[in-house]
$ cat start_15.csv   # CSV, C-alpha atoms
chain,number,residue,atom,x,y,z
F,1,MET,CA,29.4,-67.3,-20.1
F,2,LYS,CA,30.3,-65.2,-23.1
F,3,THR,CA,33.7,-65.8,-24.6
F,4,SER,CA,35.4,-62.8,-26.2
F,5,GLU,CA,38.9,-61.4,-26.9
F,6,ARG,CA,38.2,-58.3,-24.8
F,7,SER,CA,35.5,-57.1,-22.5
F,8,PHE,CA,34.4,-53.5,-22.5
F,9,GLU,CA,32.5,-53.7,-19.2
F,10,LYS,CA,33.4,-50.9,-16.8
F,11,ILE,CA,35.9,-51.8,-14.0
F,12,THR,CA,34.2,-50.8,-10.7
F,13,ASP,CA,35.4,-50.2,-7.2
F,14,GLU,CA,34.2,-53.8,-6.3
F,15,ASP,CA,36.3,-55.2,-9.2
F,16,LEU,CA,39.3,-53.4,-7.8
F,17,LYS,CA,38.6,-54.7,-4.4
F,18,LYS,CA,38.4,-58.3,-5.7
F,19,LEU,CA,41.8,-57.8,-7.6
F,20,ALA,CA,43.3,-56.5,-4.4
F,21,SER,CA,42.1,-59.5,-2.5
F,22,ILE,CA,43.5,-61.8,-5.2
F,23,ALA,CA,46.9,-60.1,-5.0
F,24,ALA,CA,47.0,-60.2,-1.2
F,25,THR,CA,46.1,-63.9,-1.1
F,26,ASP,CA,48.9,-64.6,-3.7
F,27,ARG,CA,51.4,-62.6,-1.7
F,28,LYS,CA,50.5,-64.4,1.5
F,29,ASP,CA,50.8,-67.8,-0.1
F,30,PHE,CA,54.1,-66.9,-1.8
F,31,LEU,CA,55.7,-65.4,1.4
F,32,SER,CA,54.6,-68.4,3.4
F,33,ARG,CA,56.7,-70.6,1.1
F,34,LYS,CA,59.5,-68.1,0.6
F,35,PRO,CA,59.9,-66.2,3.9
F,36,GLN,CA,63.3,-64.8,2.8
F,37,TYR,CA,61.5,-62.1,0.8
F,38,THR,CA,60.6,-59.8,3.6
F,39,GLY,CA,60.9,-56.3,2.0
F,40,ASP,CA,58.4,-53.7,3.1
F,41,PHE,CA,55.2,-53.9,1.0
F,42,LEU,CA,54.5,-50.6,-0.8
F,43,CYS,CA,51.4,-51.2,-2.9
F,44,SER,CA,49.6,-53.4,-5.4
F,45,ALA,CA,48.4,-52.1,-8.7
F,46,LEU,CA,46.4,-52.9,-11.7
F,47,CYS,CA,48.6,-52.3,-14.7
F,48,GLN,CA,48.8,-52.4,-18.5
F,49,GLY,CA,45.7,-52.9,-20.7
F,50,ALA,CA,43.1,-53.4,-18.0
F,51,ALA,CA,44.4,-50.3,-16.1
F,52,LEU,CA,44.2,-48.3,-19.4
F,53,HIS,CA,40.6,-49.5,-19.7
F,54,PHE,CA,39.9,-48.3,-16.2
F,55,VAL,CA,41.3,-44.9,-17.3
F,56,ASP,CA,39.8,-44.5,-20.7
F,57,GLY,CA,36.9,-47.0,-21.0
F,58,LYS,CA,38.0,-47.8,-24.5
F,59,ASN,CA,40.9,-50.3,-24.4
F,60,GLY,CA,38.9,-53.3,-23.1
F,61,VAL,CA,40.0,-56.0,-20.8
F,62,LYS,CA,41.8,-59.0,-22.2
F,63,ASP,CA,43.2,-60.1,-18.8
F,64,PHE,CA,44.2,-58.4,-15.6
F,65,ASP,CA,47.9,-57.7,-14.8
F,66,VAL,CA,48.4,-57.1,-11.1
F,67,TRP,CA,51.7,-56.1,-9.6
F,68,SER,CA,52.8,-55.9,-6.0
F,69,PHE,CA,55.7,-53.6,-5.3
F,70,TYR,CA,58.1,-53.9,-2.4
F,71,ALA,CA,60.9,-51.6,-1.1
F,72,ASP,CA,64.3,-52.8,-2.2
F,73,GLU,CA,66.2,-53.1,1.1
F,74,LYS,CA,69.8,-53.9,1.8
F,75,GLY,CA,70.3,-57.4,3.2
F,76,VAL,CA,66.9,-58.5,2.0
F,77,PRO,CA,66.7,-60.6,-1.2
F,78,GLN,CA,64.9,-59.0,-4.1
F,79,PHE,CA,61.8,-60.6,-5.4
F,80,PRO,CA,62.6,-63.0,-8.3
F,81,PRO,CA,62.0,-60.8,-11.3
F,82,ARG,CA,60.6,-63.7,-13.3
F,83,ARG,CA,58.1,-64.7,-10.5
F,84,HIS,CA,54.7,-64.9,-12.1
F,85,ALA,CA,51.5,-66.5,-11.0
F,86,CYS,CA,48.2,-66.9,-12.9
F,87,VAL,CA,44.8,-67.2,-11.2
F,88,ASP,CA,41.2,-67.1,-12.4
F,89,PHE,CA,39.1,-63.9,-11.9
F,90,GLY,CA,36.1,-66.2,-12.0
F,91,GLU,CA,32.7,-65.8,-13.6
F,92,SER,CA,31.9,-62.1,-14.0
F,93,LYS,CA,30.6,-59.5,-16.3
F,94,PHE,CA,34.0,-59.5,-18.0
F,95,GLY,CA,33.2,-62.8,-19.7
F,96,LYS,CA,35.7,-65.5,-20.5
F,97,GLU,CA,38.9,-65.5,-22.5
F,98,PRO,CA,39.0,-67.6,-25.6
F,99,ASP,CA,40.9,-70.8,-25.6
F,100,GLU,CA,41.4,-70.9,-21.9
F,101,SER,CA,40.3,-73.5,-19.3
F,102,LEU,CA,39.5,-70.7,-16.9
F,103,LYS,CA,35.9,-69.7,-15.8
F,104,GLY,CA,36.6,-66.1,-16.4
F,105,ARG,CA,39.5,-63.7,-17.2
F,106,ARG,CA,43.1,-64.5,-16.3
F,107,VAL,CA,44.8,-62.6,-13.6
F,108,ASP,CA,48.6,-62.4,-14.1
F,109,ILE,CA,50.3,-61.6,-10.8
F,110,PHE,CA,53.9,-60.2,-10.5
F,111,CYS,CA,56.0,-58.9,-7.6
F,112,ARG,CA,58.9,-56.6,-7.8
F,113,SER,CA,61.4,-55.0,-5.5
F,114,ILE,CA,62.0,-51.3,-6.4
F,115,GLU,CA,64.0,-48.4,-4.9
F,116,SER,CA,61.8,-46.6,-2.4
F,117,ASN,CA,61.8,-43.3,-0.5
F,118,GLY,CA,59.0,-44.6,1.7
F,119,ASN,CA,56.2,-43.1,-0.4
F,120,ALA,CA,54.6,-45.8,-2.5
F,121,VAL,CA,53.2,-43.6,-5.2
F,122,GLU,CA,56.4,-41.6,-5.7
F,123,SER,CA,58.5,-44.8,-5.7
F,124,VAL,CA,56.4,-46.5,-8.4
F,125,GLN,CA,56.3,-43.4,-10.5
F,126,ARG,CA,60.1,-43.0,-10.3
F,127,TYR,CA,60.4,-46.7,-11.3
F,128,LEU,CA,58.2,-46.1,-14.3
F,129,ARG,CA,59.8,-42.8,-15.2
F,130,ASP,CA,63.4,-44.1,-15.0
F,131,ARG,CA,62.6,-47.4,-16.6
F,132,PRO,CA,65.5,-49.4,-15.1
F,133,THR,CA,64.1,-52.7,-16.4
F,134,PRO,CA,62.3,-54.0,-19.4
F,135,SER,CA,59.2,-54.6,-17.2
F,136,ALA,CA,59.2,-50.9,-16.1
F,137,TYR,CA,59.5,-49.9,-19.8
F,138,PHE,CA,56.5,-51.9,-20.8
F,139,LEU,CA,54.4,-50.9,-17.7
F,140,ALA,CA,55.0,-47.3,-18.5
F,141,LYS,CA,53.5,-47.6,-21.9
F,142,LYS,CA,50.0,-48.0,-20.5
F,143,ALA,CA,48.5,-47.1,-17.1
F,144,VAL,CA,48.8,-48.0,-13.4
F,145,VAL,CA,45.9,-47.9,-11.0
F,146,LEU,CA,46.4,-48.6,-7.3
F,147,LEU,CA,44.6,-51.5,-5.6
F,148,GLU,CA,46.3,-51.2,-2.2
F,149,PRO,CA,46.7,-49.5,0.2
F,150,THR,CA,42.9,-49.4,0.5
F,151,ASN,CA,42.8,-45.7,1.1
F,152,LEU,CA,44.3,-45.2,-2.4
F,153,LYS,CA,42.3,-47.8,-4.2
F,154,GLY,CA,41.4,-46.5,-7.7
F,155,THR,CA,44.0,-43.8,-7.7
F,156,ILE,CA,45.6,-43.5,-11.2
F,157,ILE,CA,49.3,-43.0,-10.6
F,158,TRP,CA,50.4,-43.5,-14.2
F,159,PRO,CA,50.4,-41.8,-16.6
F,160,VAL,CA,51.2,-38.8,-14.4
F,161,LYS,CA,49.0,-35.8,-15.3
F,162,GLU,CA,51.0,-32.7,-15.6
F,163,GLU,CA,49.7,-29.8,-13.4
F,164,PRO,CA,48.7,-26.6,-15.4
F,165,ALA,CA,51.4,-23.9,-15.2
$ encode --input "start_15.csv" --output "C-alpha coordinates"
Amino acid sequence: MKTSERSFEKITDEDLKKLASIAATDRKDFLSRKPQYTGDFLCSALCQGAALHFVDGKNGVKDFDVWSFYADEKGVPQFPPRRHACVDFGESKFGKEPDESLKGRRVDIFCRSIESNGNAVESVQRYLRDRPTPSAYFLAKKAVVLLEPTNLKGTIIWPVKEEPA
(Lines of atoms letter the chains of each structure in order from A and count residues from 1; the text may use other names and numbers.)
(Lines give C-alpha, C1' and ligand atoms only; values in the text may rest on other atoms or scores of the structure.)
Protein backbone atom coordinates (compact mmCIF):
# COMPACT_ATOMS: atom_id res chain seq x y z
CA MET A 1 0.00 0.00 0.00
CA LYS A 2 1.31 3.44 -0.91
CA THR A 3 2.66 5.51 1.99
CA SER A 4 2.28 9.28 1.72
CA GLU A 5 1.87 12.34 3.92
CA ARG A 6 -1.55 13.14 2.37
CA SER A 7 -3.99 11.45 0.06
CA PHE A 8 -5.88 13.50 -2.49
CA GLU A 9 -8.40 10.77 -3.28
CA LYS A 10 -12.03 11.89 -3.19
CA ILE A 11 -13.99 11.11 -0.01
CA THR A 12 -17.18 9.36 -1.12
CA ASP A 13 -20.51 8.55 0.47
CA GLU A 14 -19.20 5.02 1.18
CA ASP A 15 -16.18 6.47 2.98
CA LEU A 16 -18.48 8.64 5.12
CA LYS A 17 -20.58 5.56 5.88
CA LYS A 18 -17.47 3.66 7.03
CA LEU A 19 -16.41 6.58 9.26
CA ALA A 20 -19.92 6.72 10.76
CA SER A 21 -19.70 3.01 11.52
CA ILE A 22 -16.29 3.44 13.14
CA ALA A 23 -17.66 6.27 15.30
CA ALA A 24 -20.77 4.29 16.30
CA THR A 25 -18.69 1.23 17.23
CA ASP A 26 -16.37 3.37 19.34
CA ARG A 27 -19.30 5.06 21.13
CA LYS A 28 -20.95 1.73 21.86
CA ASP A 29 -17.70 0.36 23.29
CA PHE A 30 -17.01 3.48 25.36
CA LEU A 31 -20.56 3.67 26.75
CA SER A 32 -20.54 -0.03 27.64
CA ARG A 33 -17.54 0.66 29.86
CA LYS A 34 -18.66 4.11 31.10
CA PRO A 35 -22.48 4.00 31.37
CA GLN A 36 -22.61 7.22 33.42
CA TYR A 37 -22.25 9.24 30.18
CA THR A 38 -25.83 9.01 29.00
CA GLY A 39 -26.46 12.38 27.33
CA ASP A 40 -28.62 12.42 24.21
CA PHE A 41 -26.57 11.72 21.07
CA LEU A 42 -26.83 14.65 18.64
CA CYS A 43 -24.58 13.70 15.73
CA SER A 44 -21.18 12.53 14.57
CA ALA A 45 -19.08 14.50 12.15
CA LEU A 46 -15.92 14.43 10.09
CA CYS A 47 -13.91 17.48 11.10
CA GLN A 48 -10.77 19.45 10.38
CA GLY A 49 -8.46 18.65 7.43
CA ALA A 50 -10.26 15.63 6.00
CA ALA A 51 -13.57 17.50 6.21
CA LEU A 52 -11.98 20.44 4.41
CA HIS A 53 -10.79 18.00 1.74
CA PHE A 54 -14.36 16.72 1.38
CA VAL A 55 -15.44 20.34 0.82
CA ASP A 56 -12.66 21.61 -1.46
CA GLY A 57 -10.91 18.51 -2.83
CA LYS A 58 -7.58 20.32 -2.36
CA ASN A 59 -6.55 19.94 1.28
CA GLY A 60 -5.78 16.22 1.18
CA VAL A 61 -6.31 13.63 3.90
CA LYS A 62 -3.56 13.12 6.46
CA ASP A 63 -5.90 11.41 8.94
CA PHE A 64 -9.60 11.41 9.80
CA ASP A 65 -10.87 13.37 12.82
CA VAL A 66 -14.31 12.14 13.84
CA TRP A 67 -16.29 13.85 16.61
CA SER A 68 -19.47 12.67 18.31
CA PHE A 69 -21.55 15.40 19.94
CA TYR A 70 -23.93 14.87 22.84
CA ALA A 71 -26.41 17.22 24.48
CA ASP A 72 -25.07 18.64 27.73
CA GLU A 73 -27.77 17.72 30.24
CA LYS A 74 -28.11 18.69 33.89
CA GLY A 75 -27.40 15.77 36.17
CA VAL A 76 -25.54 13.84 33.48
CA PRO A 77 -21.72 13.90 33.54
CA GLN A 78 -20.12 15.63 30.56
CA PHE A 79 -17.94 13.53 28.31
CA PRO A 80 -14.32 13.72 29.44
CA PRO A 81 -12.92 16.52 27.25
CA ARG A 82 -9.60 14.74 26.82
CA ARG A 83 -11.23 11.45 25.79
CA HIS A 84 -9.54 10.33 22.58
CA ALA A 85 -9.41 7.01 20.75
CA CYS A 86 -7.41 6.05 17.70
CA VAL A 87 -8.38 3.33 15.22
CA ASP A 88 -7.21 2.21 11.80
CA PHE A 89 -9.31 3.10 8.74
CA GLY A 90 -7.76 0.04 7.13
CA GLU A 91 -6.44 -0.54 3.65
CA SER A 92 -8.09 1.82 1.21
CA LYS A 93 -7.54 4.19 -1.67
CA PHE A 94 -6.29 6.76 0.89
CA GLY A 95 -3.04 4.85 1.31
CA LYS A 96 -1.04 4.62 4.52
CA GLU A 97 0.39 7.23 6.83
CA PRO A 98 4.16 7.42 7.04
CA ASP A 99 5.81 6.12 10.21
CA GLU A 100 2.68 4.39 11.46
CA SER A 101 2.07 0.76 12.31
CA LEU A 102 -1.45 1.07 10.90
CA LYS A 103 -2.64 -0.58 7.67
CA GLY A 104 -4.20 2.67 6.50
CA ARG A 105 -5.03 6.16 7.69
CA ARG A 106 -5.50 6.92 11.37
CA VAL A 107 -9.00 7.78 12.61
CA ASP A 108 -8.90 9.99 15.71
CA ILE A 109 -12.17 9.82 17.64
CA PHE A 110 -13.43 12.39 20.11
CA CYS A 111 -16.70 12.90 22.03
CA ARG A 112 -17.96 16.16 23.43
CA SER A 113 -20.95 17.36 25.43
CA ILE A 114 -22.28 20.69 24.11
CA GLU A 115 -25.21 22.98 24.82
CA SER A 116 -28.15 21.91 22.73
CA ASN A 117 -31.52 23.28 21.69
CA GLY A 118 -32.49 19.83 20.36
CA ASN A 119 -31.36 20.60 16.81
CA ALA A 120 -28.01 18.90 16.14
CA VAL A 121 -26.94 21.17 13.28
CA GLU A 122 -27.78 24.42 15.09
CA SER A 123 -26.18 23.17 18.32
CA VAL A 124 -22.87 22.28 16.66
CA GLN A 125 -22.86 25.50 14.63
CA ARG A 126 -23.42 27.54 17.80
CA TYR A 127 -20.61 25.62 19.55
CA LEU A 128 -18.27 26.48 16.66
CA ARG A 129 -19.46 30.07 16.35
CA ASP A 130 -19.19 30.84 20.09
CA ARG A 131 -15.94 28.86 20.47
CA PRO A 132 -16.28 28.22 24.22
CA THR A 133 -13.32 25.82 24.26
CA PRO A 134 -9.94 25.50 22.54
CA SER A 135 -11.32 22.46 20.69
CA ALA A 136 -14.19 24.51 19.25
CA TYR A 137 -11.74 27.23 18.22
CA PHE A 138 -9.58 24.77 16.26
CA LEU A 139 -12.53 22.88 14.76
CA ALA A 140 -13.97 26.17 13.48
CA LYS A 141 -10.81 26.86 11.47
CA LYS A 142 -11.57 24.11 8.95
CA ALA A 143 -14.80 22.26 8.08
CA VAL A 144 -17.43 19.97 9.61
CA VAL A 145 -19.33 17.34 7.59
CA LEU A 146 -22.05 15.25 9.21
CA LEU A 147 -21.74 11.46 9.33
CA GLU A 148 -24.81 10.79 11.48
CA PRO A 149 -27.76 10.96 11.61
CA THR A 150 -27.84 8.98 8.38
CA ASN A 151 -30.37 11.27 6.69
CA LEU A 152 -27.89 14.17 7.02
CA LYS A 153 -24.74 12.22 6.03
CA GLY A 154 -22.53 14.39 3.82
CA THR A 155 -24.15 17.67 4.89
CA ILE A 156 -21.56 20.42 5.26
CA ILE A 157 -22.52 22.33 8.40
CA TRP A 158 -19.31 24.36 8.76
CA PRO A 159 -18.28 26.72 7.42
CA VAL A 160 -21.78 28.15 7.30
CA LYS A 161 -22.58 29.55 3.87
CA GLU A 162 -24.15 32.96 4.05
CA GLU A 163 -27.44 33.24 2.19
CA PRO A 164 -27.53 35.95 -0.49
CA ALA A 165 -29.38 39.09 0.60
$ atom_distance --input "start_15.csv" --atom1 "CA of Arg129 in chain F" --atom2 "CA of Asn59 in chain F"
22.3 Å
$ atom_distance --input "start_15.csv" --atom1 "CA of Val145 in chain F" --atom2 "CA of Arg6 in chain F"
18.9 Å
$ closest_residue --input "start_15.csv" --among "F:Thr150, F:Ser7, F:Gln36, F:Asn119" --to "Arg105 in chain F" --atoms "all atoms listed in the file"
F:Ser7
$ atom_distance --input "start_15.csv" --atom1 "CA of Leu52 in chain F" --atom2 "CA of Ala143 in chain F"
5.0 Å
$ residues_around --input "start_15.csv" --residues "Ile156 in chain F" --least-positions-apart "5" --cutoff "10 Å" --atoms "all atoms listed in the file" --output "NGL selection string"
:F and (45-47 or 51-52 or 54-55 or 121 or 143-147 or 161)
$ residues_around --input "start_15.csv" --residues "range 135-139 of chain F" --least-positions-apart "4" --cutoff "12 Å" --atoms "all atoms listed in the file" --output "PyMOL selection string"
chain F and resi 45-52+65-67+69+81-82+110-114+124-131+143-145+157-159
$ write_last_selection --input "start_15.csv" --atoms "C-alpha atoms" --output "PDB file, in the frame of the given file"
ATOM      1  CA  ALA F  45      48.400 -52.100  -8.700  1.00  0.00           C
ATOM      2  CA  LEU F  46      46.400 -52.900 -11.700  1.00  0.00           C
ATOM      3  CA  CYS F  47      48.600 -52.300 -14.700  1.00  0.00           C
ATOM      4  CA  GLN F  48      48.800 -52.400 -18.500  1.00  0.00           C
ATOM      5  CA  GLY F  49      45.700 -52.900 -20.700  1.00  0.00           C
ATOM      6  CA  ALA F  50      43.100 -53.400 -18.000  1.00  0.00           C
ATOM      7  CA  ALA F  51      44.400 -50.300 -16.100  1.00  0.00           C
ATOM      8  CA  LEU F  52      44.200 -48.300 -19.400  1.00  0.00           C
ATOM      9  CA  ASP F  65      47.900 -57.700 -14.800  1.00  0.00           C
ATOM     10  CA  VAL F  66      48.400 -57.100 -11.100  1.00  0.00           C
ATOM     11  CA  TRP F  67      51.700 -56.100  -9.600  1.00  0.00           C
ATOM     12  CA  PHE F  69      55.700 -53.600  -5.300  1.00  0.00           C
ATOM     13  CA  PRO F  81      62.000 -60.800 -11.300  1.00  0.00           C
ATOM     14  CA  ARG F  82      60.600 -63.700 -13.300  1.00  0.00           C
ATOM     15  CA  PHE F 110      53.900 -60.200 -10.500  1.00  0.00           C
ATOM     16  CA  CYS F 111      56.000 -58.900  -7.600  1.00  0.00           C
ATOM     17  CA  ARG F 112      58.900 -56.600  -7.800  1.00  0.00           C
ATOM     18  CA  SER F 113      61.400 -55.000  -5.500  1.00  0.00           C
ATOM     19  CA  ILE F 114      62.000 -51.300  -6.400  1.00  0.00           C
ATOM     20  CA  VAL F 124      56.400 -46.500  -8.400  1.00  0.00           C
ATOM     21  CA  GLN F 125      56.300 -43.400 -10.500  1.00  0.00           C
ATOM     22  CA  ARG F 126      60.100 -43.000 -10.300  1.00  0.00           C
ATOM     23  CA  TYR F 127      60.400 -46.700 -11.300  1.00  0.00           C
ATOM     24  CA  LEU F 128      58.200 -46.100 -14.300  1.00  0.00           C
ATOM     25  CA  ARG F 129      59.800 -42.800 -15.200  1.00  0.00           C
ATOM     26  CA  ASP F 130      63.400 -44.100 -15.000  1.00  0.00           C
ATOM     27  CA  ARG F 131      62.600 -47.400 -16.600  1.00  0.00           C
ATOM     28  CA  ALA F 143      48.500 -47.100 -17.100  1.00  0.00           C
ATOM     29  CA  VAL F 144      48.800 -48.000 -13.400  1.00  0.00           C
ATOM     30  CA  VAL F 145      45.900 -47.900 -11.000  1.00  0.00           C
ATOM     31  CA  ILE F 157      49.300 -43.000 -10.600  1.00  0.00           C
ATOM     32  CA  TRP F 158      50.400 -43.500 -14.200  1.00  0.00           C
ATOM     33  CA  PRO F 159      50.400 -41.800 -16.600  1.00  0.00           C
TER      34      PRO F 159
END
$ residues_near_point --input "start_15.csv" --point "(42.1, -49.4, -4.8)" --cutoff "10 Å" --atoms "all atoms listed in the file" --output "list in words"
Thr12, Asp13, Glu14, Asp15, Leu16, Lys17, Lys18, Leu19, Ala20, Cys43, Ser44, Ala45, Leu46, Val145, Leu146, Leu147, Glu148, Pro149, Thr150, Asn151, Leu152, Lys153, Gly154, Thr155 and Ile156 of chain F
$ closest_residue --input "start_15.csv" --among "F:Val107, F:Ala140, F:Val160, F:Val87" --to "Glu122 in chain F" --atoms "only C-alpha atoms"
F:Val160
